[in-house]
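Student: File follows, structure.cif with mmCIF, C-alpha atoms and all ligand atoms:
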```cif
data_entry
loop_
_atom_site.label_atom_id
_atom_site.label_comp_id
_atom_site.auth_asym_id
_atom_site.auth_seq_id
_atom_site.Cartn_x
_atom_site.Cartn_y
_atom_site.Cartn_z
CA MET A 717 -2.39 -8.14 -16.21
CA ARG A 718 -2.16 -10.91 -13.67
CA VAL A 719 -1.19 -9.86 -10.16
CA ASN A 720 0.79 -12.34 -8.16
CA GLY A 721 2.67 -11.83 -4.94
CA LEU A 722 2.61 -11.64 -1.19
CA THR A 723 -0.79 -10.31 -0.15
CA LEU A 724 -0.87 -8.56 3.20
CA THR A 725 -3.32 -6.61 5.26
CA TYR A 726 -1.84 -4.04 7.57
CA GLU A 727 -3.57 -2.95 10.75
CA GLY A 728 -2.44 -1.71 14.13
CA GLY A 729 1.23 -2.29 13.40
CA VAL A 730 0.74 -5.88 12.27
CA ASN A 731 1.05 -7.45 8.81
CA THR A 732 -1.17 -10.46 8.22
CA VAL A 733 -0.93 -12.71 5.19
CA LEU A 734 -4.32 -12.56 3.47
CA GLY A 735 -6.21 -15.83 3.77
CA HIS A 736 -3.85 -17.01 6.55
CA PRO A 737 -5.01 -15.20 9.72
CA ASP A 738 -2.49 -17.27 11.73
CA ILE A 739 0.48 -15.94 9.73
CA SER A 740 1.09 -12.43 11.03
CA TYR A 741 4.14 -10.33 11.82
CA PRO A 742 4.65 -7.11 13.78
CA VAL A 743 5.77 -4.26 11.52
CA GLY A 744 9.38 -4.61 10.44
CA ASN A 745 9.65 -8.22 11.55
CA LEU A 746 8.94 -9.67 8.12
CA LEU A 747 11.50 -7.37 6.57
CA CYS A 748 14.27 -8.47 8.93
CA ARG A 749 13.39 -12.13 8.43
CA ILE A 750 13.12 -11.99 4.66
CA PHE A 751 16.26 -9.97 4.06
CA GLN A 752 18.50 -11.65 6.62
CA GLY A 753 17.83 -15.32 6.14
CA GLU A 754 19.20 -17.99 3.89
CA THR A 755 15.78 -18.34 2.28
CA LEU A 756 16.24 -15.66 -0.36
CA TYR A 757 19.49 -17.14 -1.53
CA ASN A 758 18.01 -20.61 -1.65
CA ILE A 759 15.00 -19.37 -3.57
CA SER A 760 17.09 -17.37 -6.02
CA ARG A 761 19.27 -20.42 -6.65
CA ILE A 762 16.16 -22.49 -7.33
CA VAL A 763 14.86 -19.88 -9.80
CA ARG A 764 18.22 -19.77 -11.54
CA ASN A 765 18.49 -23.55 -11.78
CA SER A 766 14.96 -23.98 -13.01
CA ILE A 767 15.52 -21.38 -15.73
CA GLY A 768 18.69 -23.20 -16.73
CA MET A 769 16.78 -26.47 -17.01
CA CYS A 770 13.65 -25.03 -18.61
CA PRO A 771 12.22 -27.65 -21.01
CA MET A 772 10.85 -24.91 -23.30
CA TRP A 773 14.22 -23.20 -23.70
CA ASP A 774 14.29 -23.21 -27.54
CA ASN A 775 10.59 -22.61 -28.10
CA ALA A 776 9.64 -19.39 -29.86
CA LEU A 777 8.13 -16.85 -27.49
CA THR A 778 4.35 -16.82 -27.90
CA GLN A 779 1.61 -15.87 -25.44
CA ASP A 780 0.86 -19.58 -24.92
CA GLU A 781 4.49 -20.35 -24.22
CA ILE A 782 4.64 -17.51 -21.68
CA GLU A 783 1.61 -18.96 -19.89
CA GLU A 784 3.34 -22.32 -19.79
CA ALA A 785 6.60 -20.73 -18.56
CA GLU A 786 4.80 -18.89 -15.75
CA ARG A 787 3.23 -22.13 -14.60
CA TYR A 788 6.62 -23.79 -14.74
CA ILE A 789 8.30 -21.05 -12.63
CA LEU A 790 5.49 -21.03 -10.05
CA GLU A 791 5.76 -24.80 -9.70
CA THR A 792 9.52 -24.79 -9.21
CA LEU A 793 9.00 -22.17 -6.51
CA LEU A 794 6.70 -24.24 -4.35
CA TYR A 795 9.36 -23.87 -1.73
CA ASP A 796 7.55 -23.62 1.54
CA ASP A 797 10.33 -23.11 4.05
CA PHE A 798 9.27 -19.54 4.60
CA PHE A 799 5.98 -18.79 2.90
CA PRO A 800 6.16 -14.94 2.68
CA ALA A 801 9.59 -15.02 1.06
CA GLN A 802 8.43 -17.66 -1.40
CA ARG A 803 5.35 -15.60 -2.37
CA LEU A 804 7.45 -12.49 -2.77
CA ALA A 805 9.92 -14.29 -5.03
CA GLN A 806 7.12 -15.77 -7.15
CA GLY A 807 5.46 -12.36 -7.36
CA SER A 808 8.66 -10.62 -8.34
CA ILE A 809 9.44 -12.83 -11.31
CA ILE A 810 5.83 -13.16 -12.50
CA ARG A 811 5.39 -9.36 -12.34
CA CYS A 812 8.36 -9.00 -14.59
CA MET A 813 7.09 -11.61 -17.06
CA GLU A 814 3.69 -9.92 -17.15
CA GLU A 815 5.23 -6.50 -17.73
CA TYR A 816 7.56 -7.69 -20.46
CA ARG A 817 5.00 -9.78 -22.33
CA SER A 818 2.81 -6.74 -22.88
CA LEU A 819 5.51 -4.58 -24.48
CA ASP A 820 5.26 -3.51 -28.12
CA ARG A 821 8.15 -4.35 -30.42
CA ALA A 822 9.88 -0.96 -30.29
CA THR A 823 9.75 -0.71 -26.49
CA ALA A 824 10.97 -4.28 -26.14
CA ALA A 825 13.94 -3.58 -28.43
CA GLY A 826 14.81 -0.43 -26.47
CA LEU A 827 14.58 -2.28 -23.18
CA LEU A 828 16.76 -5.11 -24.46
CA THR A 829 19.50 -2.71 -25.56
CA GLN A 830 19.40 -1.09 -22.15
CA GLU A 831 19.43 -4.41 -20.28
CA LYS A 832 22.40 -5.67 -22.30
CA GLN A 833 24.39 -2.66 -21.16
CA ARG A 834 24.06 -3.49 -17.49
CA PRO A 835 27.48 -3.50 -15.94
CA VAL A 836 29.18 -6.87 -16.08
CA SER A 837 30.03 -6.48 -12.40
CA PHE A 838 26.78 -8.30 -11.55
CA ASP A 839 28.10 -11.81 -12.00
CA TRP A 840 24.69 -13.29 -11.29
CA LEU A 841 23.19 -11.79 -14.43
CA PHE A 842 22.65 -13.70 -17.67
CA ASP A 843 23.82 -12.12 -20.91
CA ASP A 844 21.97 -14.42 -23.33
CA ILE A 845 18.73 -12.48 -22.93
CA GLY A 846 16.08 -11.53 -25.46
CA PHE A 847 12.48 -11.77 -26.69
CA GLU A 848 12.93 -14.53 -29.28
CA THR A 849 12.76 -17.74 -27.28
CA VAL A 850 11.34 -18.75 -23.89
CA GLY A 851 14.86 -19.35 -22.58
CA GLU A 852 16.07 -15.86 -23.46
CA PHE A 853 12.90 -14.31 -22.11
CA LEU A 854 13.15 -16.12 -18.78
CA ARG A 855 16.79 -15.05 -18.43
CA LEU A 856 15.80 -11.44 -19.07
CA CYS A 857 13.11 -11.69 -16.38
CA TYR A 858 15.53 -13.35 -13.98
CA ASN A 859 17.99 -10.46 -14.42
CA ASN A 860 15.22 -8.06 -13.46
CA TYR A 861 14.44 -10.27 -10.46
CA ILE A 862 18.05 -10.10 -9.25
CA ILE A 863 18.26 -6.32 -9.73
CA ASP A 864 15.07 -5.87 -7.72
CA LEU A 865 16.37 -8.21 -5.02
CA THR A 866 19.69 -6.34 -4.82
CA ASN A 867 17.87 -3.00 -4.59
CA GLY A 868 15.64 -4.35 -1.83
CA ILE A 869 18.57 -5.68 0.19
CA ASP A 870 20.54 -2.45 -0.28
CA LEU A 871 17.62 -0.32 0.88
CA PHE A 872 17.01 -2.63 3.83
CA ALA A 873 20.64 -2.64 4.96
CA ALA A 874 21.28 1.08 4.49
CA THR A 875 18.01 2.25 6.05
CA SER A 876 18.31 -0.13 9.02
CA ALA A 877 21.87 1.00 9.64
CA VAL A 878 20.93 4.68 9.59
CA TRP A 879 17.71 4.30 11.59
CA SER A 880 19.43 2.19 14.24
CA GLY A 881 22.11 4.87 14.59
CA THR A 882 24.90 2.43 13.70
CA ALA A 883 25.64 3.41 10.09
CA THR A 884 29.16 3.46 8.75
CA ASP A 885 30.11 6.29 6.36
CA GLU A 886 29.57 3.94 3.47
CA GLU A 887 26.10 2.93 4.66
CA GLN A 888 25.17 6.60 5.17
CA VAL A 889 26.20 7.45 1.59
CA CYS A 890 24.23 4.48 0.26
CA TYR A 891 21.17 5.59 2.27
CA ASP A 892 21.38 9.18 0.99
CA GLU A 893 21.64 8.00 -2.61
CA LEU A 894 18.72 5.59 -2.27
CA CYS A 895 16.51 8.18 -0.58
CA ALA A 896 17.24 10.65 -3.35
CA ALA A 897 16.36 8.03 -5.98
CA LEU A 898 13.13 7.02 -4.25
CA HIS A 899 11.62 10.46 -4.83
CA ASP A 900 10.70 8.98 -8.20
CA SER A 901 7.70 6.76 -7.43
CA SER A 902 8.04 4.91 -10.74
CA LEU A 903 11.23 3.36 -9.39
CA VAL A 904 9.31 1.38 -6.79
CA PRO A 905 7.55 -1.41 -8.63
CA GLY A 906 4.93 -3.81 -7.52
CA ILE A 907 2.49 -2.72 -4.82
CA VAL A 908 -1.14 -3.08 -5.81
CA MET A 909 -3.85 -2.12 -3.36
CA GLN A 910 -7.03 -4.15 -3.47
CA THR A 911 -10.19 -3.07 -1.73
CA SER A 912 -13.12 -5.29 -0.88
CA TYR A 913 -16.35 -4.62 0.93
CA ASP A 914 -17.29 -6.83 3.83
CA ALA A 915 -21.10 -6.87 4.00
CA THR A 916 -21.26 -8.49 7.43
CA SER A 917 -19.25 -5.76 9.16
CA SER A 918 -20.15 -3.04 6.63
CA THR A 919 -16.51 -2.09 6.29
CA PHE A 920 -14.02 -1.81 3.50
CA GLU A 921 -10.94 -3.93 3.71
CA HIS A 922 -7.69 -3.02 2.03
CA SER A 923 -5.03 -5.50 1.16
CA PHE A 924 -1.73 -5.03 -0.61
CA VAL A 925 -0.26 -7.38 -3.18
CA ILE A 926 3.50 -6.95 -3.04
CA SER A 927 5.47 -8.31 -5.94
CA SER A 928 8.86 -6.68 -5.58
CA PHE A 929 11.59 -6.91 -2.97
CA LEU A 930 12.26 -3.19 -3.17
CA ALA A 931 8.55 -2.50 -2.73
CA MET A 932 8.50 -4.81 0.31
CA ALA A 933 11.26 -2.76 1.94
CA VAL A 934 9.54 0.55 1.14
CA PHE A 935 6.18 -0.79 2.36
CA GLU A 936 7.60 -1.88 5.73
CA PHE A 937 9.79 1.17 6.32
CA SER A 938 6.91 3.52 5.53
CA HIS A 939 4.87 1.82 8.27
CA MET A 940 7.78 1.66 10.68
CA ALA A 941 8.36 5.39 10.30
CA GLU A 942 4.97 6.05 11.84
CA SER A 943 4.98 3.32 14.47
CA ALA A 944 6.71 3.03 17.83
CA THR A 945 8.79 0.09 16.61
CA LYS A 946 12.50 0.73 16.23
CA VAL A 947 15.16 -0.93 14.13
CA MET A 948 18.10 -2.07 16.21
CA ARG A 949 21.40 -3.71 15.40
CA CYS A 950 22.39 -6.72 17.46
CA GLN A 951 25.30 -5.92 19.76
CA ASN A 952 26.71 -9.42 19.59
CA PRO A 953 29.83 -8.48 17.58
CA GLU A 954 29.69 -11.68 15.55
CA CYS A 955 26.02 -11.16 14.67
CA ARG A 956 25.30 -7.46 13.99
CA ARG A 957 21.98 -8.36 12.34
CA PHE A 958 19.07 -5.97 12.43
CA PHE A 959 15.94 -6.64 14.42
CA THR A 960 12.92 -4.68 15.56
CA ALA A 961 12.01 -3.79 19.12
CA LYS A 962 9.64 -1.59 21.04
CA ARG A 963 12.25 -0.65 23.62
CA SER A 964 15.37 1.23 22.60
CA SER A 965 17.23 -0.57 25.38
CA ALA A 966 17.02 -3.89 23.51
CA LYS A 967 20.53 -5.06 22.69
CA TYR A 968 20.40 -8.51 21.17
CA CYS A 969 18.36 -10.11 18.44
CA ASN A 970 16.20 -13.22 18.55
CA TYR A 971 17.96 -14.96 15.66
CA PRO A 972 20.33 -17.89 16.17
CA ALA A 973 23.65 -16.73 17.65
CA PRO A 974 26.53 -17.29 15.19
CA GLN A 975 28.64 -18.67 18.06
CA CYS A 976 25.93 -21.08 19.17
CA PRO A 977 23.22 -21.64 16.53
CA GLY A 978 21.04 -23.63 18.94
CA ARG A 979 20.43 -20.48 20.99
CA THR A 980 19.38 -16.93 20.19
CA CYS A 981 21.73 -13.96 20.68
CA ASN A 982 19.31 -12.57 23.22
CA ASP A 983 19.62 -15.70 25.31
CA TYR A 984 23.25 -16.54 24.66
CA TYR A 985 25.23 -13.32 24.46
CA PRO A 986 24.36 -11.64 27.81
CA GLN A 987 25.73 -14.77 29.50
CA ILE A 988 29.00 -14.46 27.61
CA VAL A 989 29.24 -10.81 28.57
CA TYR A 990 28.56 -11.69 32.19
CA ARG A 991 31.12 -14.51 32.22
CA GLU A 992 33.69 -12.25 30.61
CA LYS A 993 33.03 -9.60 33.24
CA VAL A 994 33.46 -12.10 36.07
CA ARG A 995 36.62 -13.45 34.50
CA THR A 996 38.04 -9.98 33.90
CA SER A 997 37.51 -8.94 37.51
CA GLU A 998 39.05 -12.22 38.67
CA LEU A 999 42.18 -11.53 36.59
CA ASP A 1000 42.31 -7.89 37.70
CA LYS A 1001 42.30 -9.10 41.28
CA LEU A 1002 45.33 -11.34 40.62
CA ILE A 1003 47.20 -8.38 39.10
CA LYS A 1004 46.30 -6.20 42.09
CA ASN A 1005 47.59 -8.88 44.50
CA ALA A 1006 50.86 -9.20 42.59
CA LYS A 1007 51.37 -5.43 42.78
CA GLY A 1008 50.45 -5.46 46.49
CA ARG A 1009 53.19 -8.01 47.15
CA LEU A 1010 55.72 -5.77 45.41
CA TYR A 1011 54.62 -2.67 47.38
CA ASN A 1012 55.08 -4.64 50.63
CA ALA A 1013 58.49 -5.87 49.54
CA ARG A 1014 59.54 -2.31 48.74
CA ARG A 1015 58.47 -1.16 52.19
CA ARG A 1016 60.41 -3.96 53.85
CA HIS A 1017 63.50 -3.60 51.65
CA PRO A 1018 63.97 0.08 50.76
CA ASP A 1019 67.45 -0.70 49.42
CA TRP A 1020 65.86 -2.86 46.65
CA ALA A 1021 63.48 -0.06 45.63
CA ASP A 1022 64.99 0.51 42.18
CA GLU A 1023 64.70 -3.10 41.15
CA ILE A 1024 61.17 -3.43 42.60
CA ASN A 1025 60.04 -0.24 40.81
CA LYS A 1026 61.21 -1.76 37.53
CA LYS A 1027 59.13 -4.85 38.18
CA LEU A 1028 56.13 -2.69 39.13
CA SER A 1029 56.30 -0.68 35.93
CA ASP A 1030 56.67 -3.90 33.94
CA LEU A 1031 53.47 -5.15 35.56
CA THR A 1032 51.64 -1.89 34.89
CA ILE A 1033 52.53 -1.98 31.21
CA TYR A 1034 52.22 -5.68 30.39
CA ALA A 1035 49.65 -7.09 32.82
CA PRO A 1036 46.61 -5.71 30.89
CA ILE A 1037 47.98 -7.17 27.65
CA LYS A 1038 48.56 -10.58 29.25
CA ARG A 1039 45.07 -10.42 30.81
CA ASP A 1040 43.53 -9.88 27.36
CA SER A 1041 45.51 -12.86 26.07
CA VAL A 1042 43.91 -15.01 28.75
CA LEU A 1043 40.46 -13.63 27.84
CA ASP A 1044 40.87 -14.40 24.14
CA GLY A 1045 42.30 -17.82 24.91
CA THR A 1046 45.87 -17.34 23.64
CA MET A 1047 47.34 -17.68 27.14
CA THR A 1048 46.33 -20.16 29.85
CA MET A 1049 45.44 -19.19 33.38
CA ASN A 1050 48.49 -21.09 34.70
CA GLU A 1051 50.84 -19.26 32.35
CA PHE A 1052 49.33 -15.99 33.52
CA ARG A 1053 49.84 -16.87 37.19
CA GLU A 1054 53.42 -17.97 36.52
CA TRP A 1055 54.10 -14.75 34.68
CA LEU A 1056 52.75 -12.72 37.63
CA ASP A 1057 54.75 -14.80 40.10
CA SER A 1058 57.93 -14.22 38.13
CA HIS A 1059 57.74 -10.64 39.44
ZN ZN B 1101 22.19 -11.28 17.07
#
```
Turn this file's structure into structure tokens for me.

Tutor:
Amino acid sequence: MRVNGLTLTYEGGVNTVLGHPDISYPVGNLLCRIFQGETLYNISRIVRNSIGMCPMWDNALTQDEIEEAERYILETLLYDDFFPAQRLAQGSIIRCMEEYRSLDRATAAGLLTQEKQRPVSFDWLFDDIGFETVGEFLRLCYNNYIIDLTNGIDLFAATSAVWSGTATDEEQVCYDELCAALHDSSLVPGIVMQTSYDATSSTFEHSFVISSFLAMAVFEFSHMAESATKVMRCQNPECRRFFTAKRSSAKYCNYPAPQCPGRTCNDYYPQIVYREKVRTSELDKLIKNAKGRLYNARRRHPDWADEINKKLSDLTIYAPIKRDSVLDGTMTMNEFREWLDSH
């Protein structure tokens, strides 16, 4: 069986793409980049489109046709925006084609029945699947690709949420279910370890060919569990993406900030927080001054005390609400000053 996929070596907390010593990622980093970028969606769309346009669609499924179809899929996936994600996607669909092409008739029929029963709630799945023509076969493999991708993303999101201590109840339940399921090692497809002997250094070198999204997530989390690297969730409320860090005090990620895509959250958001703080204290000072004026007036005019007390309590109740309106931009600074002065 042909093995195709993302080939990594792992040493000292760093993943390096085999044959590309310059392409390396600290543990966890690849996972966050692969599962939180646009790349996967772009790649999956390309796979789907190329299957839809497959020139061999009606051809009967023979071993030669499968060879041709594999070549066709690999060529349509020469998408080099983010090399590791591209290799993983190629590996995932080729693994599935290789597994399915080797099935005997009875097993294939059983599998097909099972695959046709998949809940219709996955609207990305094809239902015209089978082992008769290349088109049906590719659609069957694509369905498996999407299931594996969904499993990988689910495991990534749930585990990151729990490990970063930011899980919602729903994410916790998802994590517990996935962990229980992963006791069964046959559920994690697609990691092949290859060992080679390096005569010059007299050492053995291990590399891992990863050809499944779920396996990629398991591979990275298993290494993260024993390293000092932590998964964190970005505290920019509009981002909330996961990232990895050595320090547990890290707050913001290094991905483009949703509010300002030209800058990273780490660079952009602390400034916003600082500006907001300065602005808040500036507004609080104005409120304090307005109250101070009323206290003075009450001292000077004890006979107006009732009316002044009413104004003071109005300020106490409504000033914080008005201040928040200024902060979120629904009230202007001038309107706020006028409102304070009206007391
Ligand atoms: Zn962020």

Student: Report the distance between atom CA of Ser965 of chain A and atom CA of Thr882 of chain A in Å, rounded to one decimal place.

Tutor: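 Interatomic distance here is 14.3 Å.
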
Student: Output the neighbourhood of ligand ZN 1101 (chain B) as a ChimeraX atom specification, that is, all protein and nucleic acid residues with some atom at most 9 Å from the ligand, counting all atoms listed in the file.

Tutor: /A:949-959,967-974,980-982,985

Student: In Å to one decimal, how far is atom CA of Leu1031 of chain A from atom CA of Glu1054 of chain A?

Tutor: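 Atom-to-atom, atom CA of Glu1054 of chain A and atom CA of Leu1031 of chain A are spaced 12.9 Å apart.
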
Student: Could you work out how far atom CA of Ser818 of chain A lies from atom CA of Thr849 of chain A, giving the answer in Å with one decimal?

Tutor: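 Spanning atom CA of Thr849 of chain A to atom CA of Ser818 of chain A is a straight-line distance of 15.5 Å.
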
Student: Give me the residues near Ala941 of chain A as a PyMOL selection string, where near means some atom within 12 Å (using all atoms listed in the file) and where sequence neighbours in that chain fewer than 5 positions away do not count.

Tutor: chain A and resi 729+743-744+875-876+879+934-936+946-947

Student: Pick the closest to Gln910 of chain A from A:Asp820, A:Met1047, A:Val719, A:Ala805: which is it, counting all atoms listed in the file?

Tutor: A:Val719
